Amino acid sequence: MKLPSLSLRSRIVIALIVLTLGTALALSFVARSFLDQSLNLSINDEVRSVLSSALSVAKTSYNDHREALRRLGERLARSPEAVAAFHSGDLPRLRRLVAAQEGGERVSEVEIVRFTAPPSVAAPLARDDLMEALQSGPYLYRDERQGDLLRMLVPVRDGGRTAGALSLSKRLDPTYFTIEQAAQTYEDIRLNNEQALRWALFYAFLAVSFAVLLVAALVGVWIAFGITHPLRDLIRGTRELARDNLSHRIPRGRSDEIGLLIDSFNRMAADLQENRQQRVEAEKVAAWREIARRLAHEIKNPLTPIQLTVQQMRDKYPGDDATYRRLLNDCADIVTDEVEGLKNLVRAFADFARLPDLRVAPTDLNALIDEVRRLYADAPLTLTLTEDLPPALVDETQMRRVLINLIENAEDALGEGGRITITTRNRREAEGDRREEEELTPHASRLTPHAFSGWVEVEVSDTGRGISPEHLSRVFEPYFSTKRTGMGLGLAIVKNIVDQHGGQIAVESQINSGTTFTIRLPAETKMQQSAVGARSAVSLNG
Ligand SMILES: Nc1ncnc2c1ncn2[C@@H]1O[C@H](COP(=O)(O)OP(=O)(O)OP(=O)(O)O)[C@@H](O)[C@H]1O
Ligand SMILES: [Mg+2]
């Protein structure tokens with residue numbers, strides 16, 4: 001039979017309970033055997049025999065005392081002097097007689113008891129019962145009123161009736177009672193309570209074990225909850241990802257291994273989300289490119305026939321209506337202009353649609369920028385070029401297009417007195433490079449991990465009107481333009497080219513204060529330089 005699969009939490013709790021239960025059971029057996037041993041030690045035969053011999057010694061001594069007291073009493077009862085002293089109430093004489101009779105037995109006290117008045121010595125019997133008991137001889141009892149006394153009442157007869165009694169008392173050794181009590185207790189334990197004691201101790205132990213078990217179970221639940229709660233978060237997180245909710249993140253809130261796991265999960269989700277964005281972007285560009293290609297194709301073909309037809313209509317007009325001829329000329333000019341505009345549009349679309357074949361070579365970007373600047377002799381353009389710029393691995397023609405597009409946009413945005421600045425930087429040795437990379441990401445295409453170790457950075461910034469925040473995220477989209485005559489393809493082409501170089505582009509802008517486009521391109525490394533050198537050496541030799 002297959003066991004039903006349990007949740008992790010139940011497993012941990014069950015494991016802990018089984019563990020504590022097992023330990024408690026094992027411990028209870030050990031405790032039980034210890035208990036038995038110690039009880040056996042205290043209730044064993046040796047102790048018992050010692051106790052019973054002590055008891056019998058004590059009993060013998062007690063009996064001896066009793067016998068001596070009885071003999072003395074009988075002797076006194078037979079002595080006429082003692083009877084006379086009893087009747088005359090001569091206690092000193094009685095004492096003397098007792099001392100003479102004693103013969104080694106020391107009697108603590110002698111007293112006279114008469115039954116005419118209430119008896120002066122308290123006995124465990126009522127007066128009549130006591131008198132009846134005394135009919136048959138001396139009466140012996142234990143008197144605990146003034147310490148522990150063994151008291152004997154010896155009847156004194158007057159004619160046939162009992163006139164009273166002589167009370168002889170002897171103080172007993174208290175050890176006797178102690179021994180008797182101990183023997184009794186011991187017997188009680190041995191006979192009745194031993195088993196009960198065992199069970200009582202066992203139950204006490206069981207109660208403590210149960211309390212420990214309860215605490216262990218609670219602690220188990222707590223630990224299990226601590227582990228499984230974040231795991232549940234993680235499971236929920238993966239479900240969200242599976243459901244295509246890539247923006248789901250798990251709050252971290254702890255710094256242990258589970259915290260690290262949550263970090264990894266969040267990083268993975270972020271990567272997935274970014275990859276998704278890139279793919280969507282790439283698909284969008286591809287779709288636009290396809291539209292542009294078809295548009296260019298469909299529009300381009302009829303343009304030349306339209307232009308030729310209109311020119312023919314104008315040239316072949318045979319009439320001499322001057323007004324109509326002027327109208328015809330104007331119309332032909334308008335059509336020719338519009339067709340020219342359409343041709344430009346088609347050319348732009350075609351440019352965007354065509355995937356340029358990159359011919360990458362180490363290029364001096366400073367020189368290229370300087371060359372492009374000459375095309376804009378009238379523009380307020382400043383260059384701040386670093387001298388220490390490694391060659392960039394770029395396609396020169398495509399980079400020229402990039403620069404031209406950026407400069408034209410900047411020019412369009414400039415107001416009176418504004419300036420455009422182009423800056424180059426070497427990022428190869430710059431510190432905190434990784435940080436900067438991350439700063440570039442918001443509106444940048446993602447870096448592909450390349451074998452090169454450095455970057456060449458080109459910055460085109462202007463002090464123009466800037467871009468509003470809601471437009472900023474859209475400027476690289478094809479066909480996004482805020483200009484009346486703009487095609488909205490310039491920056492889409494720029495980004496496309498930079499992406500193809502494995503580079504990055506980012507934009508920063510402040511409304512009414514200016515815009516900066518930053519491009520990073522792979523720099524040629526020393527390793528690549530030496531590889532190129534080796535190749536040329538080979539070709540020279542060959
Ligand atoms: N330097 C800049 N300053 C302010 N806005 C800019 C700047 N560069 C681009 N933009 C904004 O980005 C939009 C898109 O630019 P993009 O170059 O792609 O298209 P365009 O210039 O409008 O048309 P074209 O296809 O002719 O270049 C522009 O319409 C403009 O609103
Ligand atoms: Mg433009």
# chains A, B, ... in the order shown; residues from 1 in each chain; ligands from 1
call {"tool": "residues_near_ligand", "arguments": {"ligand": "ligand 1", "cutoff": "9 Å", "atoms": "only C-alpha atoms and all ligand atoms", "output": "ChimeraX atom specification"}}
result
/A:348,405-414,460-468,471-472,474-494,509,511,514-517
call {"tool": "residues_around", "arguments": {"residues": "Leu201 in chain A", "least_positions_apart": "5", "cutoff": "9 Å", "atoms": "only C-alpha atoms", "output": "PyMOL selection string"}}
result
chain A and resi 32+35+196+206
call {"tool": "residues_around", "arguments": {"residues": "Val107 in chain A", "least_positions_apart": "2", "cutoff": "9 Å", "atoms": "only C-alpha atoms", "output": "number ranges by chain"}}
result
A: 69, 98-99, 102, 105, 109-110, 168-171
call {"tool": "closest_residue", "arguments": {"among": "A:Gln504, A:Asn266, A:Gln277, A:Thr20", "to": "Gly220 in chain A", "atoms": "only C-alpha atoms"}}
result
A:Thr20
call {"tool": "atom_distance", "arguments": {"atom1": "CA of Thr238 in chain A", "atom2": "CA of Ile258 in chain A"}}
result
14.9 Å
call {"tool": "select_by_dssp", "arguments": {"residues": "range 178-273 of chain A", "states": "alpha helix (DSSP H)", "output": "VMD selection string"}}
result
chain A and resid 178 to 188 194 to 242 257 to 273
call {"tool": "select_by_dssp", "arguments": {"residues": "range 250-394 of chain A", "states": "strand (DSSP E or B)", "output": "ChimeraX atom specification"}}
result
/A:361-363,381-384,392-394
call {"tool": "residues_around", "arguments": {"residues": "Gly503 in chain A", "least_positions_apart": "3", "cutoff": "6 Å", "atoms": "only C-alpha atoms", "output": "VMD selection string"}}
result
chain A and resid 498 to 499 520 to 521
call {"tool": "residues_around", "arguments": {"residues": "Arg48 in chain A", "least_positions_apart": "6", "cutoff": "10 Å", "atoms": "only C-alpha atoms", "output": "list in words"}}
result
Ser42, Ala54, Ala183, Tyr186, Glu187 and Arg190 of chain A
call {"tool": "closest_residue", "arguments": {"among": "A:Val402, A:Val208, A:Val113, A:Ile519", "to": "ligand 2", "atoms": "only C-alpha atoms and all ligand atoms"}}
result
A:Val402
call {"tool": "closest_residue", "arguments": {"among": "A:Ile306, A:Leu134, A:Ala506, A:Ala353", "to": "Val285 in chain A", "atoms": "only C-alpha atoms"}}
result
A:Ala353
call {"tool": "atom_distance", "arguments": {"atom1": "CA of Thr363 in chain A", "atom2": "CA of Gly454 in chain A"}}
result
14.7 Å
call {"tool": "closest_residue", "arguments": {"among": "A:Leu197, A:Leu130, A:Leu213, A:Glu281", "to": "Ile14 in chain A", "atoms": "only C-alpha atoms"}}
result
A:Leu213
call {"tool": "closest_residue", "arguments": {"among": "A:Asp173, A:Asp143, A:Glu180, A:Asp364", "to": "Leu393 in chain A", "atoms": "only C-alpha atoms"}}
result
A:Asp364
call {"tool": "closest_residue", "arguments": {"among": "A:Lys59, A:Arg374, A:Arg294, A:Arg401", "to": "ligand 2", "atoms": "only C-alpha atoms and all ligand atoms"}}
result
A:Arg401
call {"tool": "atom_distance", "arguments": {"atom1": "CA of Tyr176 in chain A", "atom2": "CA of Ala58 in chain A"}}
result
5.4 Å
call {"tool": "residues_around", "arguments": {"residues": "Ser247 in chain A", "least_positions_apart": "4", "cutoff": "12 Å", "atoms": "only C-alpha atoms", "output": "PyMOL selection string"}}
result
chain A and resi 237-238+240-243+265-274+276-277
call {"tool": "decode", "arguments": {"residues": "range 315-331 of chain A", "atoms": "all heavy atoms", "output": "mmCIF file, in the first residue's frame"}}
result
data_model
loop_
_atom_site.group_PDB
_atom_site.id
_atom_site.type_symbol
_atom_site.label_atom_id
_atom_site.label_comp_id
_atom_site.auth_asym_id
_atom_site.auth_seq_id
_atom_site.Cartn_x
_atom_site.Cartn_y
_atom_site.Cartn_z
ATOM 1 N N ASP A 315 3.555 68.944 -70.881
ATOM 2 C CA ASP A 315 4.322 69.222 -72.110
ATOM 3 C C ASP A 315 3.471 69.104 -73.376
ATOM 4 O O ASP A 315 3.656 69.844 -74.345
ATOM 5 C CB ASP A 315 5.507 68.241 -72.194
ATOM 6 C CG ASP A 315 6.492 68.485 -71.054
ATOM 7 O OD1 ASP A 315 6.387 69.570 -70.397
ATOM 8 O OD2 ASP A 315 7.342 67.595 -70.782
ATOM 9 N N LYS A 316 2.516 68.139 -73.343
ATOM 10 C CA LYS A 316 1.775 67.857 -74.574
ATOM 11 C C LYS A 316 0.508 68.686 -74.713
ATOM 12 O O LYS A 316 -0.318 68.437 -75.588
ATOM 13 C CB LYS A 316 1.421 66.359 -74.633
ATOM 14 C CG LYS A 316 2.639 65.434 -74.722
ATOM 15 C CD LYS A 316 3.171 65.358 -76.148
ATOM 16 C CE LYS A 316 4.573 64.754 -76.239
ATOM 17 N NZ LYS A 316 4.670 63.370 -75.846
ATOM 18 N N TYR A 317 0.342 69.741 -73.888
ATOM 19 C CA TYR A 317 -0.907 70.526 -74.015
ATOM 20 C C TYR A 317 -0.869 71.367 -75.292
ATOM 21 O O TYR A 317 -0.007 72.221 -75.467
ATOM 22 C CB TYR A 317 -1.058 71.432 -72.783
ATOM 23 C CG TYR A 317 -2.245 72.369 -72.873
ATOM 24 C CD1 TYR A 317 -3.546 71.843 -72.923
ATOM 25 C CD2 TYR A 317 -2.069 73.751 -72.951
ATOM 26 C CE1 TYR A 317 -4.624 72.696 -73.028
ATOM 27 C CE2 TYR A 317 -3.174 74.604 -73.052
ATOM 28 C CZ TYR A 317 -4.454 74.065 -73.095
ATOM 29 O OH TYR A 317 -5.537 74.897 -73.205
ATOM 30 N N PRO A 318 -1.857 71.121 -76.214
ATOM 31 C CA PRO A 318 -1.768 71.792 -77.523
ATOM 32 C C PRO A 318 -2.444 73.166 -77.510
ATOM 33 O O PRO A 318 -2.118 74.031 -78.314
ATOM 34 C CB PRO A 318 -2.508 70.821 -78.437
ATOM 35 C CG PRO A 318 -3.469 70.092 -77.524
ATOM 36 C CD PRO A 318 -2.940 70.155 -76.161
ATOM 37 N N GLY A 319 -3.351 73.394 -76.586
ATOM 38 C CA GLY A 319 -4.155 74.614 -76.604
ATOM 39 C C GLY A 319 -3.346 75.866 -76.254
ATOM 40 O O GLY A 319 -2.178 75.789 -75.882
ATOM 41 N N ASP A 320 -4.010 77.081 -76.421
ATOM 42 C CA ASP A 320 -3.302 78.319 -76.087
ATOM 43 C C ASP A 320 -4.044 79.123 -75.031
ATOM 44 O O ASP A 320 -3.964 80.333 -74.980
ATOM 45 C CB ASP A 320 -3.044 79.154 -77.363
ATOM 46 C CG ASP A 320 -4.270 79.151 -78.282
ATOM 47 O OD1 ASP A 320 -5.368 78.733 -77.776
ATOM 48 O OD2 ASP A 320 -4.136 79.534 -79.441
ATOM 49 N N ASP A 321 -4.748 78.412 -74.191
ATOM 50 C CA ASP A 321 -5.414 79.090 -73.059
ATOM 51 C C ASP A 321 -4.369 79.327 -71.963
ATOM 52 O O ASP A 321 -3.889 78.400 -71.322
ATOM 53 C CB ASP A 321 -6.559 78.173 -72.527
ATOM 54 C CG ASP A 321 -7.338 78.853 -71.392
ATOM 55 O OD1 ASP A 321 -6.800 79.814 -70.784
ATOM 56 O OD2 ASP A 321 -8.443 78.383 -71.085
ATOM 57 N N ALA A 322 -3.950 80.597 -71.852
ATOM 58 C CA ALA A 322 -2.829 80.908 -70.938
ATOM 59 C C ALA A 322 -3.175 80.567 -69.500
ATOM 60 O O ALA A 322 -2.336 80.032 -68.759
ATOM 61 C CB ALA A 322 -2.456 82.396 -71.048
ATOM 62 N N THR A 323 -4.430 80.830 -69.109
ATOM 63 C CA THR A 323 -4.829 80.550 -67.723
ATOM 64 C C THR A 323 -4.743 79.056 -67.439
ATOM 65 O O THR A 323 -4.204 78.622 -66.418
ATOM 66 C CB THR A 323 -6.300 81.016 -67.498
ATOM 67 O OG1 THR A 323 -6.523 82.180 -68.251
ATOM 68 C CG2 THR A 323 -6.562 81.218 -66.031
ATOM 69 N N TYR A 324 -5.270 78.302 -68.398
ATOM 70 C CA TYR A 324 -5.258 76.858 -68.183
ATOM 71 C C TYR A 324 -3.833 76.329 -68.167
ATOM 72 O O TYR A 324 -3.484 75.472 -67.349
ATOM 73 C CB TYR A 324 -6.076 76.167 -69.304
ATOM 74 C CG TYR A 324 -6.174 74.681 -69.075
ATOM 75 C CD1 TYR A 324 -6.933 74.150 -68.036
ATOM 76 C CD2 TYR A 324 -5.463 73.797 -69.892
ATOM 77 C CE1 TYR A 324 -6.984 72.800 -67.818
ATOM 78 C CE2 TYR A 324 -5.514 72.419 -69.678
ATOM 79 C CZ TYR A 324 -6.293 71.935 -68.637
ATOM 80 O OH TYR A 324 -6.343 70.596 -68.429
ATOM 81 N N ARG A 325 -2.959 76.895 -69.048
ATOM 82 C CA ARG A 325 -1.566 76.438 -69.074
ATOM 83 C C ARG A 325 -0.899 76.699 -67.717
ATOM 84 O O ARG A 325 -0.162 75.873 -67.198
ATOM 85 C CB ARG A 325 -0.809 77.164 -70.194
ATOM 86 C CG ARG A 325 0.683 76.818 -70.244
ATOM 87 C CD ARG A 325 1.359 77.294 -71.508
ATOM 88 N NE ARG A 325 0.914 76.561 -72.697
ATOM 89 C CZ ARG A 325 1.366 75.365 -73.067
ATOM 90 N NH1 ARG A 325 2.267 74.745 -72.312
ATOM 91 N NH2 ARG A 325 0.933 74.782 -74.163
ATOM 92 N N ARG A 326 -1.175 77.910 -67.149
ATOM 93 C CA ARG A 326 -0.582 78.225 -65.839
ATOM 94 C C ARG A 326 -1.060 77.226 -64.756
ATOM 95 O O ARG A 326 -0.280 76.710 -63.984
ATOM 96 C CB ARG A 326 -0.982 79.648 -65.428
ATOM 97 C CG ARG A 326 0.178 80.370 -64.702
ATOM 98 C CD ARG A 326 -0.184 81.811 -64.341
ATOM 99 N NE ARG A 326 -0.730 82.546 -65.474
ATOM 100 C CZ ARG A 326 -1.936 83.114 -65.474
ATOM 101 N NH1 ARG A 326 -2.704 83.032 -64.421
ATOM 102 N NH2 ARG A 326 -2.352 83.780 -66.547
ATOM 103 N N LEU A 327 -2.380 76.940 -64.829
ATOM 104 C CA LEU A 327 -2.945 75.998 -63.861
ATOM 105 C C LEU A 327 -2.292 74.625 -63.983
ATOM 106 O O LEU A 327 -1.888 73.982 -62.991
ATOM 107 C CB LEU A 327 -4.458 75.883 -64.102
ATOM 108 C CG LEU A 327 -5.205 74.950 -63.141
ATOM 109 C CD1 LEU A 327 -5.267 75.541 -61.743
ATOM 110 C CD2 LEU A 327 -6.616 74.653 -63.653
ATOM 111 N N LEU A 328 -2.144 74.258 -65.295
ATOM 112 C CA LEU A 328 -1.530 72.947 -65.548
ATOM 113 C C LEU A 328 -0.112 72.893 -64.997
ATOM 114 O O LEU A 328 0.314 71.916 -64.354
ATOM 115 C CB LEU A 328 -1.516 72.714 -67.073
ATOM 116 C CG LEU A 328 -1.457 71.256 -67.538
ATOM 117 C CD1 LEU A 328 -2.627 70.439 -66.991
ATOM 118 C CD2 LEU A 328 -1.442 71.204 -69.065
ATOM 119 N N ASN A 329 0.652 73.961 -65.227
ATOM 120 C CA ASN A 329 2.034 74.030 -64.715
ATOM 121 C C ASN A 329 2.062 73.922 -63.191
ATOM 122 O O ASN A 329 2.850 73.156 -62.624
ATOM 123 C CB ASN A 329 2.689 75.347 -65.123
ATOM 124 C CG ASN A 329 3.269 75.251 -66.540
ATOM 125 O OD1 ASN A 329 3.495 74.149 -67.044
ATOM 126 N ND2 ASN A 329 3.479 76.397 -67.171
ATOM 127 N N ASP A 330 1.163 74.717 -62.542
ATOM 128 C CA ASP A 330 1.135 74.686 -61.060
ATOM 129 C C ASP A 330 0.835 73.284 -60.545
ATOM 130 O O ASP A 330 1.502 72.774 -59.638
ATOM 131 C CB ASP A 330 0.062 75.652 -60.525
ATOM 132 C CG ASP A 330 0.520 77.110 -60.678
ATOM 133 O OD1 ASP A 330 1.710 77.306 -61.023
ATOM 134 O OD2 ASP A 330 -0.299 78.016 -60.434
ATOM 135 N N CYS A 331 -0.200 72.670 -61.191
ATOM 136 C CA CYS A 331 -0.595 71.324 -60.733
ATOM 137 C C CYS A 331 0.554 70.342 -60.914
ATOM 138 O O CYS A 331 0.846 69.510 -60.023
ATOM 139 C CB CYS A 331 -1.814 70.842 -61.517
ATOM 140 S SG CYS A 331 -3.296 71.715 -61.022
#
